[in-house]
file protein22.cif (mmCIF, C-alpha atoms)
data_data
loop_
_atom_site.group_PDB
_atom_site.id
_atom_site.type_symbol
_atom_site.label_atom_id
_atom_site.label_comp_id
_atom_site.auth_asym_id
_atom_site.auth_seq_id
_atom_site.Cartn_x
_atom_site.Cartn_y
_atom_site.Cartn_z
ATOM 1 C CA MET L 48 39.095 -15.639 17.751
ATOM 2 C CA THR L 49 37.806 -13.399 20.558
ATOM 3 C CA CYS L 50 34.238 -13.222 21.893
ATOM 4 C CA SER L 51 33.582 -9.884 20.198
ATOM 5 C CA GLU L 52 34.835 -11.269 16.871
ATOM 6 C CA PHE L 53 32.518 -14.212 17.405
ATOM 7 C CA LEU L 54 29.554 -11.867 17.983
ATOM 8 C CA LYS L 55 30.301 -9.929 14.797
ATOM 9 C CA GLU L 56 29.963 -13.132 12.776
ATOM 10 C CA LEU L 57 26.958 -14.473 14.693
ATOM 11 C CA THR L 58 24.280 -13.323 12.245
ATOM 12 C CA ASP L 59 26.055 -14.771 9.204
ATOM 13 C CA TYR L 60 26.694 -17.979 11.133
ATOM 14 C CA LEU L 61 23.027 -18.312 12.137
ATOM 15 C CA ASP L 62 21.947 -17.596 8.577
ATOM 16 C CA GLY L 63 24.358 -20.171 7.167
ATOM 17 C CA VAL L 64 26.096 -17.669 4.893
ATOM 18 C CA ILE L 65 29.630 -17.928 6.111
ATOM 19 C CA ASP L 66 32.766 -19.210 4.415
ATOM 20 C CA ALA L 67 34.261 -22.515 5.546
ATOM 21 C CA PRO L 68 37.452 -21.160 7.217
ATOM 22 C CA THR L 69 35.488 -18.611 9.329
ATOM 23 C CA ARG L 70 32.952 -21.282 10.233
ATOM 24 C CA ALA L 71 35.765 -23.549 11.435
ATOM 25 C CA GLU L 72 37.196 -20.712 13.562
ATOM 26 C CA LEU L 73 33.783 -19.992 15.090
ATOM 27 C CA GLU L 74 33.227 -23.640 15.889
ATOM 28 C CA GLU L 75 36.655 -23.896 17.451
ATOM 29 C CA HIS L 76 35.812 -20.895 19.652
ATOM 30 C CA LEU L 77 32.540 -22.554 20.699
ATOM 31 C CA HIS L 78 34.444 -25.597 21.955
ATOM 32 C CA TRP L 79 35.996 -23.686 24.793
ATOM 33 C CA CYS L 80 33.842 -20.560 25.276
ATOM 34 C CA HIS L 81 30.714 -21.518 27.189
ATOM 35 C CA ASN L 82 29.339 -17.947 27.213
ATOM 36 C CA CYS L 83 29.388 -17.699 23.421
ATOM 37 C CA TYR L 84 27.874 -21.164 23.187
ATOM 38 C CA VAL L 85 24.979 -19.999 25.411
ATOM 39 C CA VAL L 86 24.554 -16.772 23.421
ATOM 40 C CA LEU L 87 24.432 -18.744 20.168
ATOM 41 C CA SER L 88 21.954 -21.362 21.382
ATOM 42 C CA THR L 89 19.649 -18.878 23.136
ATOM 43 C CA THR L 90 19.672 -16.529 20.136
ATOM 44 C CA GLN L 91 18.630 -19.493 17.978
ATOM 45 C CA ARG L 92 15.829 -20.222 20.461
ATOM 46 C CA THR L 93 14.754 -16.553 20.436
ATOM 47 C CA ILE L 94 14.321 -16.615 16.662
ATOM 48 C CA GLN L 95 12.554 -19.970 16.770
ATOM 49 C CA ILE L 96 10.156 -18.914 19.548
ATOM 50 C CA TYR L 97 9.134 -15.751 17.693
ATOM 51 C CA ARG L 98 8.765 -17.613 14.427
ATOM 52 C CA GLU L 99 6.538 -20.260 15.980
ATOM 53 C CA SER L 100 4.607 -17.972 18.317
ATOM 54 C CA HIS L 101 2.045 -16.799 15.746
ATOM 55 C CA LEU L 102 1.722 -13.399 17.365
ATOM 56 C CA TYR L 103 -0.776 -11.195 15.587
ATOM 57 C CA GLU L 104 -2.589 -13.757 13.485
ATOM 58 C CA LEU L 105 -5.453 -12.348 11.460
ATOM 59 C CA PRO L 106 -8.745 -13.870 12.693
ATOM 60 C CA ASP L 107 -11.060 -15.138 9.917
ATOM 61 C CA ASN L 108 -13.935 -12.722 10.631
ATOM 62 C CA LEU L 109 -11.605 -9.709 10.597
ATOM 63 C CA ARG L 110 -9.905 -11.077 7.498
ATOM 64 C CA ASP L 111 -13.234 -11.237 5.629
ATOM 65 C CA ARG L 112 -14.185 -7.744 6.786
ATOM 66 C CA LEU L 113 -10.832 -6.266 5.743
ATOM 67 C CA ARG L 114 -10.884 -7.994 2.378
ATOM 68 C CA SER L 115 -14.344 -6.765 1.499
ATOM 69 C CA ALA L 116 -13.401 -3.216 2.555
ATOM 70 C CA ILE L 117 -10.247 -3.372 0.415
ATOM 71 C CA MET L 118 -12.076 -4.772 -2.586
ATOM 72 C CA SER L 119 -14.923 -2.272 -2.435
ATOM 73 C CA LYS L 120 -12.409 0.602 -2.349
ATOM 74 C CA CYS L 121 -10.494 -0.956 -5.263
ATOM 75 C CA LYS L 122 -13.716 -1.321 -7.246
ATOM 76 C CA SER L 123 -14.717 2.284 -6.663
ATOM 77 C CA HIS L 124 -11.200 3.415 -7.573
ATOM 78 C CA GLY L 125 -11.413 1.337 -10.771
ATOM 79 C CA ALA L 126 -14.848 2.812 -11.594
ATOM 80 C CA LYS L 127 -13.496 6.341 -11.012
ATOM 81 C CA GLY L 128 -10.621 5.576 -13.414
ATOM 82 C CA ASP L 129 -13.074 4.327 -16.058
ATOM 83 C CA LYS L 130 -15.120 7.509 -15.713
ATOM 84 C CA GLU L 131 -12.034 9.669 -16.136
ATOM 85 C CA LYS L 132 -11.045 7.699 -19.226
ATOM 86 C CA ALA L 133 -14.535 8.112 -20.763
ATOM 87 C CA MET X 233 6.643 -36.033 -8.001
ATOM 88 C CA PRO X 234 7.799 -32.806 -9.674
ATOM 89 C CA PRO X 235 11.002 -31.265 -8.350
ATOM 90 C CA ILE X 236 10.614 -28.427 -5.833
ATOM 91 C CA GLN X 237 12.164 -25.931 -8.228
ATOM 92 C CA SER X 238 9.345 -26.301 -10.744
ATOM 93 C CA ARG X 239 6.732 -25.647 -8.031
ATOM 94 C CA VAL X 240 8.473 -22.410 -7.118
ATOM 95 C CA THR X 241 8.593 -21.380 -10.763
ATOM 96 C CA ASP X 242 4.895 -22.216 -11.151
ATOM 97 C CA THR X 243 4.022 -20.012 -8.169
ATOM 98 C CA THR X 244 6.074 -17.154 -9.581
ATOM 99 C CA THR X 245 4.597 -17.540 -13.054
ATOM 100 C CA ASP X 246 1.113 -17.772 -11.616
ATOM 101 C CA GLU X 247 1.760 -14.652 -9.531
ATOM 102 C CA MET X 248 3.041 -12.711 -12.525
ATOM 103 C CA ALA X 249 -0.094 -13.692 -14.421
ATOM 104 C CA LEU X 250 -2.242 -12.390 -11.550
ATOM 105 C CA VAL X 251 -0.256 -9.148 -11.389
ATOM 106 C CA GLN X 252 -0.560 -8.630 -15.138
ATOM 107 C CA ALA X 253 -4.299 -9.346 -15.077
ATOM 108 C CA ALA X 254 -4.741 -6.936 -12.154
ATOM 109 C CA LYS X 255 -2.755 -4.297 -14.032
ATOM 110 C CA ALA X 256 -5.167 -4.707 -16.924
ATOM 111 C CA GLY X 257 -8.036 -3.926 -14.539
ATOM 112 C CA ASP X 258 -9.074 -7.412 -13.389
ATOM 113 C CA VAL X 259 -10.181 -6.765 -9.794
ATOM 114 C CA GLY X 260 -10.733 -10.509 -9.221
ATOM 115 C CA ALA X 261 -7.049 -11.177 -9.950
ATOM 116 C CA PHE X 262 -6.084 -8.502 -7.429
ATOM 117 C CA GLU X 263 -8.382 -10.133 -4.869
ATOM 118 C CA GLN X 264 -6.363 -13.351 -5.293
ATOM 119 C CA LEU X 265 -3.222 -11.399 -4.437
ATOM 120 C CA VAL X 266 -4.956 -9.912 -1.382
ATOM 121 C CA LYS X 267 -5.947 -13.411 -0.230
ATOM 122 C CA ARG X 268 -2.404 -14.601 -0.717
ATOM 123 C CA TYR X 269 -0.713 -11.904 1.351
ATOM 124 C CA ASP X 270 -3.239 -10.271 3.701
ATOM 125 C CA ARG X 271 -2.130 -12.318 6.710
ATOM 126 C CA ASN X 272 1.528 -11.384 6.163
ATOM 127 C CA VAL X 273 0.762 -7.697 5.684
ATOM 128 C CA PHE X 274 -1.396 -7.612 8.822
ATOM 129 C CA ARG X 275 1.296 -9.365 10.877
ATOM 130 C CA ILE X 276 4.024 -6.996 9.686
ATOM 131 C CA ALA X 277 1.772 -3.978 10.304
ATOM 132 C CA GLN X 278 0.948 -5.031 13.832
ATOM 133 C CA HIS X 279 4.559 -5.833 14.656
ATOM 134 C CA ILE X 280 5.577 -2.346 13.566
ATOM 135 C CA THR X 281 2.661 -0.307 14.932
ATOM 136 C CA GLN X 282 2.010 -2.506 17.992
ATOM 137 C CA ASN X 283 -1.615 -1.498 17.683
ATOM 138 C CA ARG X 284 -4.445 -3.606 16.317
ATOM 139 C CA GLU X 285 -6.568 -0.790 14.864
ATOM 140 C CA ASP X 286 -3.549 0.759 13.194
ATOM 141 C CA ALA X 287 -2.643 -2.634 11.740
ATOM 142 C CA GLU X 288 -6.140 -2.921 10.246
ATOM 143 C CA ASP X 289 -5.855 0.544 8.680
ATOM 144 C CA VAL X 290 -2.360 -0.175 7.392
ATOM 145 C CA THR X 291 -3.502 -3.448 5.797
ATOM 146 C CA GLN X 292 -6.328 -1.687 3.959
ATOM 147 C CA ASP X 293 -4.243 1.313 2.947
ATOM 148 C CA ALA X 294 -1.297 -0.787 1.773
ATOM 149 C CA PHE X 295 -3.431 -2.940 -0.523
ATOM 150 C CA LEU X 296 -5.321 0.059 -1.844
ATOM 151 C CA LYS X 297 -2.075 1.896 -2.530
ATOM 152 C CA ALA X 298 -0.677 -1.198 -4.253
ATOM 153 C CA PHE X 299 -3.795 -1.392 -6.428
ATOM 154 C CA GLU X 300 -3.630 2.294 -7.327
ATOM 155 C CA ASN X 301 0.068 2.115 -8.174
ATOM 156 C CA LEU X 302 0.127 -1.289 -9.828
ATOM 157 C CA LYS X 303 0.930 0.219 -13.201
ATOM 158 C CA GLY X 304 4.159 1.598 -11.737
ATOM 159 C CA PHE X 305 5.257 -1.833 -10.476
ATOM 160 C CA GLN X 306 8.183 -2.739 -12.706
ATOM 161 C CA GLU X 307 8.151 -6.507 -12.069
ATOM 162 C CA GLN X 308 11.908 -6.476 -11.511
ATOM 163 C CA SER X 309 11.285 -7.443 -7.914
ATOM 164 C CA LYS X 310 8.760 -9.871 -6.484
ATOM 165 C CA PHE X 311 5.257 -8.501 -6.016
ATOM 166 C CA TYR X 312 5.412 -9.492 -2.347
ATOM 167 C CA THR X 313 8.639 -7.527 -1.707
ATOM 168 C CA TRP X 314 7.079 -4.488 -3.404
ATOM 169 C CA LEU X 315 3.914 -4.874 -1.317
ATOM 170 C CA VAL X 316 5.923 -5.225 1.915
ATOM 171 C CA ARG X 317 7.748 -2.018 1.075
ATOM 172 C CA ILE X 318 4.424 -0.177 0.778
ATOM 173 C CA ALA X 319 3.081 -1.760 3.980
ATOM 174 C CA VAL X 320 6.212 -0.888 5.995
ATOM 175 C CA ASN X 321 6.017 2.753 4.853
ATOM 176 C CA GLU X 322 2.329 2.959 5.765
ATOM 177 C CA ALA X 323 3.005 1.381 9.162
ATOM 178 C CA LEU X 324 5.876 3.762 9.928
ATOM 179 C CA MET X 325 3.687 6.720 8.962
ATOM 180 C CA LYS X 326 1.026 5.538 11.432
ATOM 181 C CA LEU X 327 3.635 5.168 14.114
ATOM 182 C CA ARG X 328 4.944 8.685 13.446
ATOM 183 C CA ARG X 329 1.444 10.101 13.753
ATOM 184 C CA ARG X 330 0.975 8.342 17.081
ATOM 185 C CA ARG X 331 4.282 9.532 18.415
ATOM 186 C CA THR X 332 4.381 13.055 17.095
ATOM 187 C CA ALA X 333 7.016 14.078 19.585
ATOM 188 C CA LYS X 334 9.292 11.244 18.621
ATOM 189 C CA THR X 335 10.782 10.774 15.187
ATOM 190 C CA VAL X 336 10.438 7.298 13.806
ATOM 191 C CA SER X 337 12.628 6.449 10.892
ATOM 192 C CA LEU X 338 14.156 3.402 9.369
ATOM 193 C CA ASP X 339 17.363 5.360 9.109
ATOM 194 C CA GLU X 340 17.599 5.660 12.840
ATOM 195 C CA ASP X 341 20.473 3.493 13.824
ATOM 196 C CA VAL X 342 19.884 3.623 17.518
ATOM 197 C CA GLN X 343 23.179 3.158 19.246
ATOM 198 C CA THR X 344 22.619 2.534 22.879
ATOM 199 C CA GLU X 345 25.498 1.812 25.131
ATOM 200 C CA ASP X 346 26.902 -1.611 24.321
ATOM 201 C CA ASP X 347 23.576 -2.841 23.018
ATOM 202 C CA SER X 348 25.264 -5.691 21.200
ATOM 203 C CA VAL X 349 27.065 -7.038 24.197
ATOM 204 C CA PRO X 350 25.100 -9.854 25.798
ATOM 205 C CA ARG X 351 24.705 -9.152 29.484
ATOM 206 C CA ASP X 352 22.867 -12.247 30.594
ATOM 207 C CA VAL X 353 24.800 -15.382 29.715
ATOM 208 C CA ALA X 354 22.938 -17.800 31.995
ATOM 209 C CA ASP X 355 21.670 -20.820 30.097
ATOM 210 C CA TRP X 356 17.934 -21.193 29.465
ATOM 211 C CA SER X 357 15.593 -23.966 30.508
ATOM 212 C CA PRO X 358 15.484 -26.770 27.933
ATOM 213 C CA ASN X 359 11.912 -25.837 26.868
ATOM 214 C CA PRO X 360 11.543 -22.245 28.020
ATOM 215 C CA GLU X 361 8.178 -21.675 26.330
ATOM 216 C CA GLN X 362 6.695 -24.425 28.516
ATOM 217 C CA LEU X 363 7.415 -22.411 31.667
ATOM 218 C CA TYR X 364 4.380 -20.263 30.862
ATOM 219 C CA ASP X 365 0.856 -20.816 29.629
ATOM 220 C CA GLN X 366 0.066 -19.626 26.106
ATOM 221 C CA ALA X 367 -1.429 -16.274 27.106
ATOM 222 C CA GLU X 368 1.470 -15.471 29.435
ATOM 223 C CA LEU X 369 4.014 -16.413 26.782
ATOM 224 C CA LYS X 370 2.277 -14.253 24.178
ATOM 225 C CA ASP X 371 2.287 -11.345 26.579
ATOM 226 C CA ILE X 372 6.001 -11.778 27.315
ATOM 227 C CA LEU X 373 6.883 -11.958 23.615
ATOM 228 C CA GLN X 374 4.755 -8.929 22.733
ATOM 229 C CA ARG X 375 6.098 -6.776 25.543
ATOM 230 C CA THR X 376 9.660 -7.791 24.719
ATOM 231 C CA ILE X 377 9.480 -6.949 21.016
ATOM 232 C CA GLN X 378 7.599 -3.719 21.794
ATOM 233 C CA GLY X 379 10.662 -2.512 23.684
ATOM 234 C CA LEU X 380 12.885 -2.607 20.590
ATOM 235 C CA PRO X 381 13.375 0.517 18.461
ATOM 236 C CA ALA X 382 11.038 0.451 15.421
ATOM 237 C CA SER X 383 13.952 0.146 13.007
ATOM 238 C CA PHE X 384 15.202 -3.041 14.704
ATOM 239 C CA ARG X 385 11.707 -4.485 15.140
ATOM 240 C CA THR X 386 10.997 -4.020 11.442
ATOM 241 C CA VAL X 387 14.159 -5.777 10.299
ATOM 242 C CA PHE X 388 13.579 -8.637 12.765
ATOM 243 C CA VAL X 389 9.975 -9.218 11.687
ATOM 244 C CA LEU X 390 10.761 -9.214 7.967
ATOM 245 C CA ARG X 391 13.846 -11.364 8.224
ATOM 246 C CA ASP X 392 13.139 -13.757 11.100
ATOM 247 C CA VAL X 393 9.349 -13.907 11.380
ATOM 248 C CA GLU X 394 8.312 -13.532 7.739
ATOM 249 C CA GLY X 395 11.397 -15.243 6.348
ATOM 250 C CA LEU X 396 12.414 -12.695 3.701
ATOM 251 C CA SER X 397 16.044 -13.045 2.634
ATOM 252 C CA THR X 398 18.571 -10.425 3.727
ATOM 253 C CA GLU X 399 18.575 -9.006 0.185
ATOM 254 C CA GLU X 400 14.756 -8.876 0.003
ATOM 255 C CA THR X 401 14.646 -7.195 3.422
ATOM 256 C CA ALA X 402 17.190 -4.632 2.223
ATOM 257 C CA GLU X 403 15.139 -3.996 -0.905
ATOM 258 C CA ALA X 404 11.845 -3.694 0.995
ATOM 259 C CA LEU X 405 13.344 -1.257 3.499
ATOM 260 C CA ASP X 406 15.593 0.632 1.085
ATOM 261 C CA LEU X 407 18.601 -0.174 3.236
ATOM 262 C CA SER X 408 21.976 -1.606 2.322
ATOM 263 C CA VAL X 409 22.674 -5.301 3.054
ATOM 264 C CA PRO X 410 25.297 -4.411 5.716
ATOM 265 C CA ALA X 411 22.759 -2.075 7.408
ATOM 266 C CA VAL X 412 20.174 -4.882 7.494
ATOM 267 C CA LYS X 413 22.735 -7.288 8.947
ATOM 268 C CA SER X 414 23.849 -4.830 11.602
ATOM 269 C CA ARG X 415 20.275 -4.069 12.731
ATOM 270 C CA LEU X 416 19.347 -7.735 12.632
ATOM 271 C CA LEU X 417 22.247 -8.729 14.850
ATOM 272 C CA ARG X 418 21.383 -6.066 17.389
ATOM 273 C CA ALA X 419 17.661 -6.874 17.266
ATOM 274 C CA ARG X 420 18.344 -10.573 17.820
ATOM 275 C CA LEU X 421 20.784 -9.948 20.675
ATOM 276 C CA GLN X 422 18.556 -7.407 22.407
ATOM 277 C CA LEU X 423 15.526 -9.698 22.210
ATOM 278 C CA ARG X 424 17.598 -12.585 23.517
ATOM 279 C CA ASP X 425 18.914 -10.508 26.388
ATOM 280 C CA ARG X 426 15.432 -9.308 27.354
ATOM 281 C CA LEU X 427 13.922 -12.791 27.157
ATOM 282 C CA ALA X 428 16.724 -14.258 29.275
ATOM 283 C CA LYS X 429 15.179 -13.102 32.528
ATOM 284 C CA PHE X 430 11.993 -15.034 31.757
ATOM 285 C CA PHE X 431 13.584 -18.139 30.317
ATOM 286 C CA ARG X 432 16.728 -18.723 32.332
ATOM 287 C CA ARG X 433 17.241 -22.086 33.945
ATOM 288 C CA ALA X 434 16.062 -22.166 37.529
ATOM 289 C CA LYS X 435 18.896 -22.494 40.005
ATOM 290 C CA THR X 436 18.946 -25.874 41.664
ATOM 291 C CA ALA X 437 19.245 -25.884 45.407
#
call {"tool": "encode", "arguments": {"input": "protein22.cif", "output": "structure tokens"}}
result
Amino acid sequence: MTCSEFLKELTDYLDGVIDAPTRAELEEHLHWCHNCYVVLSTTQRTIQIYRESHLYELPDNLRDRLRSAIMSKCKSHGAKGDKEKA
Amino acid sequence: MPPIQSRVTDTTTDEMALVQAAKAGDVGAFEQLVKRYDRNVFRIAQHITQNREDAEDVTQDAFLKAFENLKGFQEQSKFYTWLVRIAVNEALMKLRRRRTAKTVSLDEDVQTEDDSVPRDVADWSPNPEQLYDQAELKDILQRTIQGLPASFRTVFVLRDVEGLSTEETAEALDLSVPAVKSRLLRARLQLRDRLAKFFRRAKTA
């Protein structure tokens, strides 16, 4: 297996959706190719860091404000629908 | 203790009951759905638009649109996947309005020169996030993801941040599974490459 073949399979390997023979080939490649080993481990870290970083969390006060705005629009839309039905 | 499977089924059944009640006009049931997913929708919206005010508008508009179109929801897919699809479309529309000169589309399959070939293969520090304080790290992560094309950013956030499956991501974005996989690989590798300069292991003297 070459490095570019390894890269092509990287996403399936990281997501654990790869067949056993391909997995064995990838793991064999990792034994001797340090560059691909680094790419694999740092890509895993990239995903993990973003997943755990909690960028863009919704603060409670904004959450309450957004929810009441959404619900009041939904209620007026519902009331409009009732009027049209009547 | 009940098996995990039954808990999942309960959540799905409970969600279907809420959706059906909301379809029948129960606004309180819809509010439960808003409470369940507003954080996710806001996060996705801000990842795509990279703008807090736009993310607020998108969150409101997406839920309102979902409410207005609830009768058209066929229940063949999960409510959440359907909602994400609406939110992504709203977010991309916002982005298009902001960048009138630049087309933003999920179909764009931006092929930059060798963007899938890792350039920086230096190993990282064992705990790279500890090299920076929280605010600095947040800034690095935000600036790095901002630099990705919208189509890659969207796939990455749905798949890797929100944890949708590849199939759900494909459904939410109206893309094929191979297209999702190809964008995801390139998004992951580009992010990794860009983060490498911040996280690489310091050279020892």
call {"tool": "closest_residue", "arguments": {"input": "protein22.cif", "among": "L:Glu72, L:Asp59, L:Met48, L:His78", "to": "chain X", "atoms": "all atoms listed in the file"}}
result
L:Asp59
call {"tool": "closest_residue", "arguments": {"input": "protein22.cif", "among": "X:Ala354, X:Val387, X:Leu407, X:Ala402", "to": "Phe430 of chain X", "atoms": "only C-alpha atoms"}}
result
X:Ala354
call {"tool": "atom_distance", "arguments": {"input": "protein22.cif", "atom1": "atom CA of Ala298 of chain X", "atom2": "atom CA of Gly125 of chain L"}}
result
12.8 Å
call {"tool": "closest_atom_pairs", "arguments": {"input": "protein22.cif", "of": "chain L", "to": "chain X", "cutoff": "9 Å", "atoms": "all atoms listed in the file", "output": "Markdown table"}}
result
| residue | atom | partner | partner_atom | distance |
| --- | --- | --- | --- | --- |
| L:Ser51 | CA | X:Val349 | CA | 8.2 |
| L:Leu54 | CA | X:Ser348 | CA | 8.2 |
| L:Lys55 | CA | X:Leu417 | CA | 8.1 |
| L:Leu57 | CA | X:Leu417 | CA | 7.4 |
| L:Thr58 | CA | X:Leu417 | CA | 5.7 |
| L:Asp59 | CA | X:Lys413 | CA | 8.2 |
| L:His81 | CA | X:Val353 | CA | 8.9 |
| L:Asn82 | CA | X:Val353 | CA | 5.8 |
| L:Cys83 | CA | X:Val353 | CA | 8.1 |
| L:Val85 | CA | X:Asp355 | CA | 5.8 |
| L:Val86 | CA | X:Val353 | CA | 6.5 |
| L:Ser88 | CA | X:Asp355 | CA | 8.7 |
| L:Thr89 | CA | X:Arg424 | CA | 6.6 |
| L:Thr90 | CA | X:Arg424 | CA | 5.6 |
| L:Gln91 | CA | X:Arg424 | CA | 8.9 |
| L:Arg92 | CA | X:Arg424 | CA | 8.4 |
| L:Thr93 | CA | X:Arg424 | CA | 5.8 |
| L:Ile94 | CA | X:Asp392 | CA | 6.4 |
| L:Gln95 | CA | X:Asp392 | CA | 8.4 |
| L:Ile96 | CA | X:Glu361 | CA | 7.6 |
| L:Tyr97 | CA | X:Val393 | CA | 6.6 |
| L:Arg98 | CA | X:Val393 | CA | 4.8 |
| L:Glu99 | CA | X:Val393 | CA | 8.3 |
| L:Ser100 | CA | X:Lys370 | CA | 7.3 |
| L:His101 | CA | X:Lys370 | CA | 8.8 |
| L:Leu102 | CA | X:Lys370 | CA | 6.9 |
| L:Tyr103 | CA | X:Arg275 | CA | 5.5 |
| L:Glu104 | CA | X:Arg275 | CA | 6.4 |
| L:Leu105 | CA | X:Arg271 | CA | 5.8 |
| L:Leu109 | CA | X:Glu288 | CA | 8.7 |
| L:Arg110 | CA | X:Asp270 | CA | 7.7 |
| L:Leu113 | CA | X:Gln292 | CA | 6.7 |
| L:Arg114 | CA | X:Val266 | CA | 7.3 |
| L:Ala116 | CA | X:Gln292 | CA | 7.4 |
| L:Ile117 | CA | X:Gln292 | CA | 5.5 |
| L:Met118 | CA | X:Glu263 | CA | 6.9 |
| L:Lys120 | CA | X:Leu296 | CA | 7.1 |
| L:Cys121 | CA | X:Leu296 | CA | 6.3 |
| L:Lys122 | CA | X:Val259 | CA | 7.0 |
| L:His124 | CA | X:Glu300 | CA | 7.7 |
| L:Gly125 | CA | X:Gly257 | CA | 7.3 |
call {"tool": "axis_aligned_box", "arguments": {"input": "protein22.cif", "around": "segment 87-92 of chain L", "padding_each_side": "3 Å", "output": "AutoDock Vina command-line options"}}
result
--center_x 20.1 --center_y -18.9 --center_z 20.6 --size_x 14.6 --size_y 10.8 --size_z 11.2
